[in-house]
Amino acid sequence: MEITGDVHLDYPQEDVWNALMDPEFVAKVIPGCDSLTPKDDPDTFASDLRIKIGPIRGKFKADVVRHGVEPMDRFVLDVSAKGPTGFMGGSGRIELEPDGTGTVLRYACTVNVGGRIARVGQRLVSTATKTVINRSLDGFRDELDAALRARVGTE
């Protein structure tokens, strides 16, 4: 399954990029993500995720790898997670483009699941994925807005 979309953010591309490259910032905005802890490679992270898809809930240990980084423009995140209710993997491509004083963030992601999670059906997995994306984008806006207001207040 592939999910694509775009969103206009009222922030300069540099601020959006810097936030996306900050693992602590990103962990705050992803629902169910407790942390993104850097591993040996600065573009590889470990994470604990709490996920709910329909009636299935679970905690997952995940590995996240960032690659294909073209500073200020695009990157790819690959995620593989395992837990007692199954496994999931996915890849997400993020692209940024300046748009006046703001930025357009385009995304495309693929998600694959197995185990009990796969039994809930493609439609529920798709709905849950879209919900996580939308909540993440809402959280991203809120956190970035707060960070930029705090920065302006200290200048």
# chains A, B, ... in the order shown; residues from 1 in each chain; ligands from 1

call {"tool": "select_by_dssp", "arguments": {"residues": "stretch 36-126 of chain A", "states": "strand (DSSP E)", "output": "number ranges by chain"}}
result
A: 37-38, 44-53, 56-70, 74-83, 86-99, 102-114

call {"tool": "residues_around", "arguments": {"residues": "stretch 138-153 of chain A", "least_positions_apart": "3", "cutoff": "9 Å", "atoms": "only C-alpha atoms", "output": "MDAnalysis selection string"}}
result
chainID A and resid 9:11 15:16 19:20 25:26 28:31 133:135

call {"tool": "closest_atom_pairs", "arguments": {"of": "stretch 117-149 of chain A", "to": "stretch 87-103 of chain A", "cutoff": "12 Å", "atoms": "only C-alpha atoms", "output": "tab-separated table"}}
result
residue	atom	partner	partner_atom	distance
A:Ile117	CA	A:Phe87	CA	7.6
A:Ala118	CA	A:Phe87	CA	8.8
A:Arg119	CA	A:Phe87	CA	11.9
A:Val125	CA	A:Met88	CA	10.5
A:Thr129	CA	A:Gly90	CA	10.6
A:Ile133	CA	A:Gly92	CA	10.7
A:Arg141	CA	A:Thr103	CA	11.8

call {"tool": "residues_around", "arguments": {"residues": "A:Pro23", "least_positions_apart": "5", "cutoff": "9 Å", "atoms": "only C-alpha atoms", "output": "short mmCIF file (atom, residue, chain, number, x, y, z; two decimals) with C-alpha atoms, in the first residue's frame"}}
result
data_model
loop_
_atom_site.label_atom_id
_atom_site.label_comp_id
_atom_site.auth_asym_id
_atom_site.auth_seq_id
_atom_site.Cartn_x
_atom_site.Cartn_y
_atom_site.Cartn_z
CA LYS A 28 7.84 14.29 19.93
CA SER A 35 12.16 8.20 21.39
CA LEU A 36 14.52 8.03 18.44
CA THR A 37 17.87 7.04 19.88
CA PRO A 38 20.91 7.36 17.60
CA PHE A 45 18.04 5.13 15.18
#

call {"tool": "closest_residue", "arguments": {"among": "A:Leu137, A:Met21, A:Val111, A:Val104", "to": "A:Glu2", "atoms": "only C-alpha atoms"}}
result
A:Val111

call {"tool": "atom_distance", "arguments": {"atom1": "atom CA of A:Asp6", "atom2": "atom CA of A:Thr44"}}
result
25.2 Å

call {"tool": "closest_residue", "arguments": {"among": "A:Pro12, A:Leu105, A:Gln122, A:Asp43", "to": "A:Gly68", "atoms": "only C-alpha atoms"}}
result
A:Asp43
